[in-house]
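Pasting data-v6.pdb here (PDB, C-alpha atoms and all ligand atoms):
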ATOM      1  CA  MET A  19      38.674   3.651  -6.143  1.00  0.00           C
ATOM      2  CA  GLU A  20      39.010  -0.068  -6.611  1.00  0.00           C
ATOM      3  CA  THR A  21      35.753  -1.992  -6.595  1.00  0.00           C
ATOM      4  CA  ASP A  22      35.391  -5.707  -5.999  1.00  0.00           C
ATOM      5  CA  ASN A  23      33.520  -7.565  -8.669  1.00  0.00           C
ATOM      6  CA  TYR A  24      31.206 -10.536  -8.207  1.00  0.00           C
ATOM      7  CA  LEU A  25      29.305 -12.793 -10.519  1.00  0.00           C
ATOM      8  CA  MET A  26      25.580 -12.259 -10.695  1.00  0.00           C
ATOM      9  CA  GLY A  27      23.583 -15.344  -9.748  1.00  0.00           C
ATOM     10  CA  ASP A  28      19.952 -16.368  -9.819  1.00  0.00           C
ATOM     11  CA  GLN A  29      19.370 -15.006  -6.341  1.00  0.00           C
ATOM     12  CA  PRO A  30      19.103 -11.291  -5.628  1.00  0.00           C
ATOM     13  CA  MET A  31      22.514  -9.900  -4.757  1.00  0.00           C
ATOM     14  CA  THR A  32      23.411  -9.568  -1.128  1.00  0.00           C
ATOM     15  CA  CYS A  33      26.393  -7.880   0.461  1.00  0.00           C
ATOM     16  CA  PRO A  34      29.397 -10.249   0.250  1.00  0.00           C
ATOM     17  CA  LYS A  35      30.706  -8.857   3.542  1.00  0.00           C
ATOM     18  CA  CYS A  36      27.697  -8.902   5.856  1.00  0.00           C
ATOM     19  CA  GLY A  37      25.022 -10.745   3.867  1.00  0.00           C
ATOM     20  CA  ALA A  38      22.479  -7.940   4.010  1.00  0.00           C
ATOM     21  CA  ARG A  39      20.475  -6.784   1.032  1.00  0.00           C
ATOM     22  CA  SER A  40      22.246  -4.378  -1.234  1.00  0.00           C
ATOM     23  CA  GLU A  41      20.907  -1.526  -3.275  1.00  0.00           C
ATOM     24  CA  ILE A  42      21.561  -1.133  -6.987  1.00  0.00           C
ATOM     25  CA  VAL A  43      23.124   2.262  -7.559  1.00  0.00           C
ATOM     26  CA  SER A  44      23.670   1.944 -11.290  1.00  0.00           C
ATOM     27  CA  GLU A  45      23.307  -0.465 -14.183  1.00  0.00           C
ATOM     28  CA  THR A  46      25.389  -0.435 -17.322  1.00  0.00           C
ATOM     29  CA  ILE A  47      26.097  -2.708 -20.239  1.00  0.00           C
ATOM     30  CA  GLU A  48      29.688  -2.970 -21.370  1.00  0.00           C
ATOM     31  CA  ASN A  49      30.743  -5.243 -24.213  1.00  0.00           C
ATOM     32  CA  GLU A  50      27.417  -7.089 -23.875  1.00  0.00           C
ATOM     33  CA  ILE A  51      28.123  -7.759 -20.206  1.00  0.00           C
ATOM     34  CA  PHE A  52      25.510  -6.492 -17.805  1.00  0.00           C
ATOM     35  CA  ILE A  53      27.120  -4.717 -14.865  1.00  0.00           C
ATOM     36  CA  GLN A  54      25.335  -3.622 -11.713  1.00  0.00           C
ATOM     37  CA  GLU A  55      26.870  -1.373  -9.129  1.00  0.00           C
ATOM     38  CA  HIS A  56      25.708  -2.205  -5.613  1.00  0.00           C
ATOM     39  CA  GLU A  57      25.962  -0.651  -2.220  1.00  0.00           C
ATOM     40  CA  CYS A  58      25.185  -2.386   1.050  1.00  0.00           C
ATOM     41  CA  LEU A  59      22.122  -0.980   2.818  1.00  0.00           C
ATOM     42  CA  ILE A  60      23.641  -1.453   6.265  1.00  0.00           C
ATOM     43  CA  LYS A  61      25.037   1.880   7.437  1.00  0.00           C
ATOM     44  CA  VAL A  62      27.999   0.449   9.326  1.00  0.00           C
ATOM     45  CA  CYS A  63      29.000  -1.590   6.285  1.00  0.00           C
ATOM     46  CA  GLN A  64      28.176   0.374   3.113  1.00  0.00           C
ATOM     47  CA  TYR A  65      30.307  -2.056   1.166  1.00  0.00           C
ATOM     48  CA  HIS A  66      30.514  -1.027  -2.451  1.00  0.00           C
ATOM     49  CA  PHE A  67      30.835  -3.685  -5.134  1.00  0.00           C
ATOM     50  CA  THR A  68      29.861  -4.574  -8.669  1.00  0.00           C
ATOM     51  CA  ALA A  69      28.101  -7.638  -9.998  1.00  0.00           C
ATOM     52  CA  CYS A  70      28.246  -8.711 -13.602  1.00  0.00           C
ATOM     53  CA  SER A  71      26.525 -11.314 -15.708  1.00  0.00           C
ATOM     54  CA  ASP A  72      28.543 -14.217 -17.014  1.00  0.00           C
TER      55      ASP A  72
HETATM   56 ZN    ZN B   1      27.312  -5.134   4.022  1.00  0.00          ZN
END
Just give me the structure as C-alpha cells.
Ligand SMILES: [Zn+2]
Amino acid sequence: METDNYLMGDQPMTCPKCGARSEIVSETIENEIFIQEHECLIKVCQYHFTACSD
C-alpha cells in the first residue's frame, strides 16, 4: 500500500485531508530520520499517512 508522506512541523500533526486530529500508530527511526505513522481519527476519513522529521 502506498502511503503519502508529510513533513513534521512544530504543530501536532493533523489529517492533511480533513484537518482533524490524527492518531500515531507507530514511530520508527530510519537512517536518523524520525518517522511517524498516522491515521485520521475521523471514521469516514481514516486517511493513513506518514510524517517524518527533516
Ligand atoms: Zn481525515
Residues of chain A that have any atom at most 12 Å from an atom of ligand ZN 1 (chain B): could you tabulate them with the shortest-distance atom pair and the distance in Å to one decimal, using all atoms listed in the file, ordered by chain and increasing number, as CSV?
residue,atom,partner,partner_atom,distance
A:Met31,CA,B:ZN1,ZN,11.1
A:Thr32,CA,B:ZN1,ZN,7.8
A:Cys33,CA,B:ZN1,ZN,4.6
A:Pro34,CA,B:ZN1,ZN,6.7
A:Lys35,CA,B:ZN1,ZN,5.1
A:Cys36,CA,B:ZN1,ZN,4.2
A:Gly37,CA,B:ZN1,ZN,6.1
A:Ala38,CA,B:ZN1,ZN,5.6
A:Arg39,CA,B:ZN1,ZN,7.6
A:Ser40,CA,B:ZN1,ZN,7.3
A:Glu41,CA,B:ZN1,ZN,10.4
A:His56,CA,B:ZN1,ZN,10.2
A:Glu57,CA,B:ZN1,ZN,7.8
A:Cys58,CA,B:ZN1,ZN,4.6
A:Leu59,CA,B:ZN1,ZN,6.8
A:Ile60,CA,B:ZN1,ZN,5.7
A:Lys61,CA,B:ZN1,ZN,8.1
A:Val62,CA,B:ZN1,ZN,7.7
A:Cys63,CA,B:ZN1,ZN,4.5
A:Gln64,CA,B:ZN1,ZN,5.6
A:Tyr65,CA,B:ZN1,ZN,5.2
A:His66,CA,B:ZN1,ZN,8.3
A:Phe67,CA,B:ZN1,ZN,9.9
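Applied to the shown file, the PyMOL selection byres (((chain A and resi 28) around 12) and not hetatm) selects the residues Leu25, Met26, Gly27, Gln29, Pro30, Met31, Thr32, Ala69, Cys70, Ser71 and Asp72 of chain A.
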Those same residues - C-alpha atoms - I'd like them written as a PDB file, in the frame of the given file.
ATOM      1  CA  LEU A  25      29.305 -12.793 -10.519  1.00  0.00           C
ATOM      2  CA  MET A  26      25.580 -12.259 -10.695  1.00  0.00           C
ATOM      3  CA  GLY A  27      23.583 -15.344  -9.748  1.00  0.00           C
ATOM      4  CA  GLN A  29      19.370 -15.006  -6.341  1.00  0.00           C
ATOM      5  CA  PRO A  30      19.103 -11.291  -5.628  1.00  0.00           C
ATOM      6  CA  MET A  31      22.514  -9.900  -4.757  1.00  0.00           C
ATOM      7  CA  THR A  32      23.411  -9.568  -1.128  1.00  0.00           C
ATOM      8  CA  ALA A  69      28.101  -7.638  -9.998  1.00  0.00           C
ATOM      9  CA  CYS A  70      28.246  -8.711 -13.602  1.00  0.00           C
ATOM     10  CA  SER A  71      26.525 -11.314 -15.708  1.00  0.00           C
ATOM     11  CA  ASP A  72      28.543 -14.217 -17.014  1.00  0.00           C
TER      12      ASP A  72
END
message: the PyMOL selection byres (((chain A and resi 55) around 6) and not hetatm) - which residues does that actually catch in the file I just gave you? List them as a ChimeraX atom specification.
response: /A:42-44,54,56,68
Would you mind putting N, CA and C atoms back on segment 40-62 of chain A and writing the result as an mmCIF file, in the frame of the given file?
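What follows is the written file rebuild-v8.cif:
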data_model
loop_
_atom_site.group_PDB
_atom_site.id
_atom_site.type_symbol
_atom_site.label_atom_id
_atom_site.label_comp_id
_atom_site.auth_asym_id
_atom_site.auth_seq_id
_atom_site.Cartn_x
_atom_site.Cartn_y
_atom_site.Cartn_z
ATOM 1 N N SER A 40 21.539 -5.531 -0.691
ATOM 2 C CA SER A 40 22.246 -4.378 -1.234
ATOM 3 C C SER A 40 21.336 -3.621 -2.189
ATOM 4 N N GLU A 41 21.692 -2.394 -2.415
ATOM 5 C CA GLU A 41 20.907 -1.526 -3.275
ATOM 6 C C GLU A 41 21.661 -1.331 -4.586
ATOM 7 N N ILE A 42 20.933 -1.375 -5.693
ATOM 8 C CA ILE A 42 21.561 -1.133 -6.987
ATOM 9 C C ILE A 42 21.699 0.371 -7.185
ATOM 10 N N VAL A 43 22.923 0.828 -7.361
ATOM 11 C CA VAL A 43 23.124 2.262 -7.559
ATOM 12 C C VAL A 43 23.244 2.625 -9.029
ATOM 13 N N SER A 44 23.658 1.679 -9.853
ATOM 14 C CA SER A 44 23.670 1.944 -11.290
ATOM 15 C C SER A 44 23.725 0.644 -12.077
ATOM 16 N N GLU A 45 23.276 0.703 -13.308
ATOM 17 C CA GLU A 45 23.307 -0.465 -14.183
ATOM 18 C C GLU A 45 23.860 -0.022 -15.530
ATOM 19 N N THR A 46 24.828 -0.764 -16.015
ATOM 20 C CA THR A 46 25.389 -0.435 -17.322
ATOM 21 C C THR A 46 25.632 -1.719 -18.111
ATOM 22 N N ILE A 47 25.734 -1.572 -19.395
ATOM 23 C CA ILE A 47 26.097 -2.708 -20.239
ATOM 24 C C ILE A 47 27.384 -2.355 -20.971
ATOM 25 N N GLU A 48 28.385 -3.196 -20.751
ATOM 26 C CA GLU A 48 29.688 -2.970 -21.370
ATOM 27 C C GLU A 48 30.094 -4.221 -22.120
ATOM 28 N N ASN A 49 30.363 -4.091 -23.392
ATOM 29 C CA ASN A 49 30.743 -5.243 -24.213
ATOM 30 C C ASN A 49 29.788 -6.426 -24.023
ATOM 31 N N GLU A 50 28.478 -6.093 -24.021
ATOM 32 C CA GLU A 50 27.417 -7.089 -23.875
ATOM 33 C C GLU A 50 27.412 -7.784 -22.517
ATOM 34 N N ILE A 51 28.152 -7.235 -21.577
ATOM 35 C CA ILE A 51 28.123 -7.759 -20.206
ATOM 36 C C ILE A 51 27.356 -6.765 -19.341
ATOM 37 N N PHE A 52 26.364 -7.297 -18.652
ATOM 38 C CA PHE A 52 25.510 -6.492 -17.805
ATOM 39 C C PHE A 52 26.196 -6.271 -16.462
ATOM 40 N N ILE A 53 26.401 -5.021 -16.109
ATOM 41 C CA ILE A 53 27.120 -4.717 -14.865
ATOM 42 C C ILE A 53 26.248 -3.881 -13.940
ATOM 43 N N GLN A 54 26.080 -4.363 -12.726
ATOM 44 C CA GLN A 54 25.335 -3.622 -11.713
ATOM 45 C C GLN A 54 26.293 -3.146 -10.631
ATOM 46 N N GLU A 55 26.103 -1.905 -10.239
ATOM 47 C CA GLU A 55 26.870 -1.373 -9.129
ATOM 48 C C GLU A 55 25.984 -1.427 -7.897
ATOM 49 N N HIS A 56 26.499 -2.018 -6.831
ATOM 50 C CA HIS A 56 25.708 -2.205 -5.613
ATOM 51 C C HIS A 56 26.345 -1.505 -4.426
ATOM 52 N N GLU A 57 25.479 -1.160 -3.490
ATOM 53 C CA GLU A 57 25.962 -0.651 -2.220
ATOM 54 C C GLU A 57 25.154 -1.297 -1.111
ATOM 55 N N CYS A 58 25.837 -1.751 -0.084
ATOM 56 C CA CYS A 58 25.185 -2.386 1.050
ATOM 57 C C CYS A 58 24.287 -1.390 1.771
ATOM 58 N N LEU A 59 23.088 -1.866 2.174
ATOM 59 C CA LEU A 59 22.122 -0.980 2.818
ATOM 60 C C LEU A 59 22.409 -0.763 4.299
ATOM 61 N N ILE A 60 23.313 -1.583 4.850
ATOM 62 C CA ILE A 60 23.641 -1.453 6.265
ATOM 63 C C ILE A 60 24.629 -0.296 6.453
ATOM 64 N N LYS A 61 24.248 0.651 7.293
ATOM 65 C CA LYS A 61 25.037 1.880 7.437
ATOM 66 C C LYS A 61 26.472 1.640 7.894
ATOM 67 N N VAL A 62 26.648 0.687 8.805
ATOM 68 C CA VAL A 62 27.999 0.449 9.326
ATOM 69 C C VAL A 62 28.869 -0.308 8.324
#
